[in-house]
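K.L.:
Provided below: start.json, containing JSON, C-alpha atoms.
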[["chain", "number", "residue", "atom", "x", "y", "z"],
["A", 451, "MET", "CA", -115.10, -58.22, -11.40],
["A", 452, "LYS", "CA", -115.89, -56.49, -14.66],
["A", 453, "LEU", "CA", -113.73, -53.55, -15.71],
["A", 454, "PRO", "CA", -115.48, -50.31, -16.65],
["A", 455, "LYS", "CA", -116.06, -49.88, -20.38],
["A", 456, "GLU", "CA", -113.84, -46.79, -20.41],
["A", 457, "ILE", "CA", -110.83, -48.82, -19.26],
["A", 458, "THR", "CA", -111.66, -51.75, -21.54],
["A", 459, "ASN", "CA", -112.03, -49.54, -24.61],
["A", 460, "GLY", "CA", -108.97, -47.49, -23.60],
["A", 461, "PHE", "CA", -107.03, -50.74, -23.48],
["A", 462, "LEU", "CA", -108.31, -51.57, -26.98],
["A", 463, "ILE", "CA", -107.00, -48.19, -28.15],
["A", 464, "PHE", "CA", -103.64, -49.03, -26.57],
["A", 465, "LEU", "CA", -103.53, -52.45, -28.23],
["A", 466, "GLY", "CA", -104.50, -51.04, -31.62],
["A", 467, "ILE", "CA", -101.89, -48.29, -31.50],
["A", 468, "GLY", "CA", -99.22, -50.65, -30.15],
["A", 469, "ILE", "CA", -99.79, -53.33, -32.78],
["A", 470, "TYR", "CA", -100.00, -50.71, -35.53],
["A", 471, "PHE", "CA", -96.65, -49.15, -34.60],
["A", 472, "LEU", "CA", -94.95, -52.51, -34.13],
["A", 473, "LEU", "CA", -96.24, -53.60, -37.54],
["A", 474, "MET", "CA", -94.97, -50.36, -39.10],
["A", 475, "ASN", "CA", -91.59, -50.99, -37.49],
["A", 476, "VAL", "CA", -91.41, -54.57, -38.79],
["A", 477, "LEU", "CA", -92.40, -53.48, -42.31],
["A", 478, "GLY", "CA", -89.84, -50.66, -42.29],
["A", 479, "LEU", "CA", -92.46, -47.93, -42.55],
["A", 480, "ALA", "CA", -91.77, -46.30, -39.18],
["A", 481, "ASP", "CA", -89.96, -43.37, -40.79],
["A", 482, "LEU", "CA", -93.04, -42.27, -42.78],
["A", 483, "PHE", "CA", -94.51, -39.54, -40.59],
["A", 484, "TYR", "CA", -97.90, -39.46, -42.31],
["A", 485, "LEU", "CA", -98.52, -43.09, -41.37],
["A", 486, "ARG", "CA", -97.91, -42.17, -37.74],
["A", 487, "THR", "CA", -100.87, -39.78, -37.82],
["A", 488, "LEU", "CA", -103.28, -42.60, -38.65],
["A", 489, "ASN", "CA", -103.26, -43.74, -35.02],
["A", 490, "VAL", "CA", -106.09, -41.29, -34.40],
["A", 491, "PHE", "CA", -108.44, -43.82, -36.02],
["A", 492, "PHE", "CA", -107.85, -46.17, -33.09],
["A", 493, "ILE", "CA", -108.93, -43.39, -30.74],
["A", 494, "PHE", "CA", -112.05, -42.82, -32.84],
["A", 495, "TYR", "CA", -112.81, -46.54, -32.66],
["A", 496, "GLY", "CA", -112.48, -46.76, -28.88],
["A", 497, "VAL", "CA", -114.48, -43.59, -28.19],
["A", 498, "ASN", "CA", -117.21, -44.62, -30.65],
["A", 499, "ARG", "CA", -117.41, -48.04, -29.01],
["A", 500, "THR", "CA", -117.80, -46.46, -25.57],
["A", 501, "MET", "CA", -120.56, -44.17, -26.79],
["A", 502, "GLN", "CA", -122.39, -47.04, -28.46],
["A", 503, "MET", "CA", -122.18, -49.03, -25.22],
["A", 504, "ASN", "CA", -123.55, -46.05, -23.30],
["A", 505, "LEU", "CA", -126.49, -45.76, -25.68],
["A", 506, "HIS", "CA", -127.12, -49.49, -25.45],
["A", 507, "GLU", "CA", -127.23, -49.15, -21.64],
["A", 508, "GLY", "CA", -129.73, -46.31, -21.95],
["A", 509, "GLU", "CA", -127.38, -43.52, -20.91],
["A", 510, "THR", "CA", -128.44, -40.43, -22.85],
["A", 511, "ASN", "CA", -127.10, -37.63, -20.68],
["A", 512, "PHE", "CA", -124.78, -35.47, -22.79],
["A", 513, "VAL", "CA", -122.31, -34.58, -20.03],
["A", 514, "THR", "CA", -122.05, -38.12, -18.70],
["A", 515, "ASN", "CA", -121.34, -39.45, -22.17],
["A", 516, "ALA", "CA", -118.79, -36.71, -22.86],
["A", 517, "VAL", "CA", -116.92, -37.56, -19.65],
["A", 518, "SER", "CA", -117.08, -41.25, -20.50],
["A", 519, "ALA", "CA", -115.74, -40.64, -24.01],
["A", 520, "MET", "CA", -112.97, -38.38, -22.74],
["A", 521, "THR", "CA", -111.99, -40.90, -20.08],
["A", 522, "THR", "CA", -111.76, -43.63, -22.70],
["A", 523, "SER", "CA", -109.48, -41.63, -24.96],
["A", 524, "VAL", "CA", -107.27, -40.39, -22.11],
["A", 525, "VAL", "CA", -106.83, -43.95, -20.80],
["A", 526, "GLY", "CA", -105.88, -45.17, -24.28],
["A", 527, "VAL", "CA", -103.45, -42.33, -24.95],
["A", 528, "SER", "CA", -101.86, -42.56, -21.49],
["A", 529, "MET", "CA", -101.33, -46.30, -21.80],
["A", 530, "SER", "CA", -99.88, -45.84, -25.30],
["A", 531, "VAL", "CA", -97.40, -43.21, -24.15],
["A", 532, "PHE", "CA", -96.38, -45.40, -21.21],
["A", 533, "GLY", "CA", -95.93, -48.29, -23.66],
["A", 534, "LEU", "CA", -93.73, -46.07, -25.82],
["A", 535, "LEU", "CA", -91.69, -45.13, -22.75],
["A", 536, "VAL", "CA", -91.04, -48.79, -21.90],
["A", 537, "TYR", "CA", -90.40, -49.70, -25.55],
["A", 538, "SER", "CA", -87.99, -46.77, -26.01],
["A", 539, "TYR", "CA", -85.87, -47.83, -23.06],
["A", 540, "ALA", "CA", -85.93, -51.44, -24.28],
["A", 541, "ARG", "CA", -84.69, -50.32, -27.70],
["A", 542, "GLY", "CA", -81.82, -48.15, -26.47],
["A", 543, "GLY", "CA", -83.29, -45.15, -24.68],
["A", 544, "ASP", "CA", -82.21, -41.74, -25.91],
["A", 545, "ALA", "CA", -80.49, -43.17, -28.99],
["A", 546, "TYR", "CA", -83.77, -44.75, -30.12],
["A", 547, "VAL", "CA", -85.72, -41.55, -29.48],
["A", 548, "LYS", "CA", -83.10, -39.61, -31.44],
["A", 549, "SER", "CA", -83.82, -41.82, -34.46],
["A", 550, "LEU", "CA", -87.53, -41.19, -34.00],
["A", 551, "SER", "CA", -87.15, -37.44, -33.65],
["A", 552, "GLU", "CA", -85.13, -37.19, -36.87],
["A", 553, "ALA", "CA", -88.03, -38.67, -38.82],
["A", 554, "PHE", "CA", -90.70, -36.72, -37.01],
["A", 555, "MET", "CA", -91.33, -33.11, -36.01],
["A", 556, "PHE", "CA", -88.98, -32.81, -33.04],
["A", 557, "GLY", "CA", -85.94, -30.64, -33.30],
["A", 558, "GLY", "CA", -82.78, -30.93, -31.27],
["A", 559, "ASN", "CA", -81.99, -33.99, -29.22],
["A", 560, "PRO", "CA", -84.94, -34.91, -26.95],
["A", 561, "SER", "CA", -84.58, -37.42, -24.15],
["A", 562, "VAL", "CA", -87.05, -40.28, -23.69],
["A", 563, "PRO", "CA", -89.05, -38.49, -20.96],
["A", 564, "THR", "CA", -89.18, -35.25, -22.98],
["A", 565, "TYR", "CA", -90.34, -37.11, -26.07],
["A", 566, "CYS", "CA", -93.01, -38.99, -24.12],
["A", 567, "ILE", "CA", -94.29, -35.87, -22.34],
["A", 568, "CYS", "CA", -94.61, -34.06, -25.67],
["A", 569, "LEU", "CA", -96.49, -37.01, -27.16],
["A", 570, "LEU", "CA", -98.70, -37.14, -24.07],
["A", 571, "PHE", "CA", -99.73, -33.50, -24.57],
["A", 572, "GLU", "CA", -100.29, -34.13, -28.26],
["A", 573, "GLY", "CA", -102.35, -37.21, -27.44],
["A", 574, "LEU", "CA", -104.43, -35.35, -24.86],
["A", 575, "ALA", "CA", -105.16, -32.64, -27.40],
["A", 576, "SER", "CA", -106.25, -35.24, -29.93],
["A", 577, "SER", "CA", -108.39, -36.87, -27.22],
["A", 578, "VAL", "CA", -110.27, -33.61, -26.70],
["A", 579, "ILE", "CA", -110.73, -33.14, -30.45],
["A", 580, "VAL", "CA", -111.91, -36.72, -31.01],
["A", 581, "THR", "CA", -114.31, -36.48, -28.06],
["A", 582, "LEU", "CA", -115.81, -33.24, -29.36],
["A", 583, "MET", "CA", -116.13, -34.66, -32.88],
["A", 584, "MET", "CA", -117.81, -37.83, -31.62],
["A", 585, "MET", "CA", -120.15, -35.84, -29.39],
["A", 586, "LEU", "CA", -121.18, -33.81, -32.44],
["A", 587, "TYR", "CA", -121.68, -37.02, -34.40],
["A", 588, "TRP", "CA", -123.84, -38.59, -31.69],
["A", 589, "ASN", "CA", -125.53, -35.27, -30.79],
["A", 590, "ASN", "CA", -129.04, -36.25, -31.87],
["A", 591, "LYS", "CA", -128.96, -39.33, -29.60],
["A", 592, "TYR", "CA", -128.41, -37.38, -26.38],
["A", 593, "ALA", "CA", -130.73, -35.21, -24.36],
["A", 594, "ALA", "CA", -129.13, -31.83, -23.71],
["A", 595, "ASP", "CA", -130.68, -29.41, -21.27]]
Let's see the structure in the file written out as structure tokens.

P.N.:
Amino acid sequence: MKLPKEITNGFLIFLGIGIYFLLMNVLGLADLFYLRTLNVFFIFYGVNRTMQMNLHEGETNFVTNAVSAMTTSVVGVSMSVFGLLVYSYARGGDAYVKSLSEAFMFGGNPSVPTYCICLLFEGLASSVIVTLMMMLYWNNKYAAD
């Protein structure tokens, strides 16, 4: 059984983000907040790959491709946040998240679930933005009625 391209490309987003953050952690660059924002390029890659696959399959309906692109990015972001949840508990739970929040934009003392929910909302917002940007980029390839 072949997985849908949205799940496959969402998993690639998850792998890219996961490996990127683990590499930043190993290299001691995890405290540099501007490097954390570069994970959006993995979302761009996965969404672009999905849209290219849709075009290759002959799918040119704008709405169908927008839903496919959004599904890809939401799958990738959701898997990444779940991965962070598991990784945070493996690294010490709230104490680990406290060290993350000091170097990032969170104030106070967030718990692991609070931190992950906030990142989920941030990721979903970036998914919408990336999808809209990619739909504008591929606009001339799709038939819009």

K.L.:
Counting all atoms listed in the file, which of A:Ile469, A:Val547, A:Leu462, A:Leu570 gets nearest to Val527 in chain A?

P.N.:
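Nearest candidate to Val527 in chain A out of A:Ile469, A:Val547, A:Leu462, A:Leu570: A:Leu570.
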
K.L.:
If we count only C-alpha atoms, what is near Ser518 in chain A at a cut-off of 8 Å, once residues fewer than 2 positions away on the same chain are taken out, given as a list in words?

P.N.:
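The contact residues come out as Glu456, Thr500, Met501, Thr514, Asn515, Ala516, Met520, Thr521 and Thr522 of chain A.
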
K.L.:
Record the distance separating CA of Asn589 in chain A and CA of Asn511 in chain A, expressed in Å with one decimal.

P.N.:
10.5 Å

K.L.:
By how many Å are CA of Met583 in chain A and CA of Phe491 in chain A apart?

P.N.:
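These atoms are spaced 12.4 Å apart.
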
K.L.:
Give me, as an MDAnalysis selection string, all polymer residues having an atom no more than 9 Å from Gly573 in chain A, counting all atoms listed in the file and skipping those fewer than 5 positions away in the same chain.

P.N.:
chainID A and resid 490 523:524 527:528 531 568 578

K.L.:
Between CA of Val562 in chain A and CA of Ser576 in chain A, what is the distance in Å, rounded to a tenth?

P.N.:
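Separating CA of Val562 in chain A from CA of Ser576 in chain A is a distance of 20.8 Å.
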
K.L.:
Could you check the closest approach to Arg486 in chain A for each of A:Ile467, A:Val517, A:Met529, A:Met503 and tell me which residue wins, using all atoms listed in the file?

P.N.:
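Among the listed residues, the smallest separation from Arg486 in chain A belongs to A:Ile467.
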
K.L.:
Could you tell me which of A:Leu453, A:Leu535, A:Leu473, A:Met584 comes closest to Arg499 in chain A if we count only C-alpha atoms?

P.N.:
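Counting only C-alpha atoms, the residue closest to Arg499 in chain A is A:Met584.
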
K.L.:
Which one of A:Gly468, A:Tyr484, A:Asn498, A:Met474 sits closest to Val536 in chain A if you count all atoms listed in the file?

P.N.:
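Once distances to Val536 in chain A are computed over all atoms listed in the file, the minimum belongs to A:Gly468.
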
K.L.:
Can you work out which one of A:Gly478, A:Gly543, A:Gly508, A:Gly526 has the shortest atom-to-atom distance to Asn459 in chain A, counting all atoms listed in the file?

P.N.:
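Comparing A:Gly478, A:Gly543, A:Gly508, A:Gly526 against Asn459 in chain A, the winner is A:Gly526.
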
K.L.:
Taking all atoms listed in the file into account, which of A:Leu569, A:Val580, A:Met585, A:Ala519 comes nearest Leu534 in chain A?

P.N.:
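Going through A:Leu569, A:Val580, A:Met585, A:Ala519 one by one, the smallest distance to Leu534 in chain A is for A:Leu569.
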
K.L.:
For Tyr546 in chain A, find every residue with an atom within 10 Å (counting only C-alpha atoms), except residues of its own chain fewer than 5 positions away, and show them as a ChimeraX atom specification.

P.N.:
/A:537-541,551,561-562

K.L.:
Which residues are close to Gly466 in chain A, i.e. within 9 Å by only C-alpha atoms, leaving aside same-chain residues fewer than 5 positions away? Reply as a ChimeraX atom specification.

P.N.:
/A:461,471,489,492-493

K.L.:
Restricting the output to C-alpha atoms, write the selected residues as a PDB file, in the frame of the given file.

P.N.:
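Resulting contents of selection-v7.pdb:
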ATOM      1  CA  PHE A 461    -107.030 -50.740 -23.480  1.00  0.00           C
ATOM      2  CA  PHE A 471     -96.650 -49.150 -34.600  1.00  0.00           C
ATOM      3  CA  ASN A 489    -103.260 -43.740 -35.020  1.00  0.00           C
ATOM      4  CA  PHE A 492    -107.850 -46.170 -33.090  1.00  0.00           C
ATOM      5  CA  ILE A 493    -108.930 -43.390 -30.740  1.00  0.00           C
TER       6      ILE A 493
END
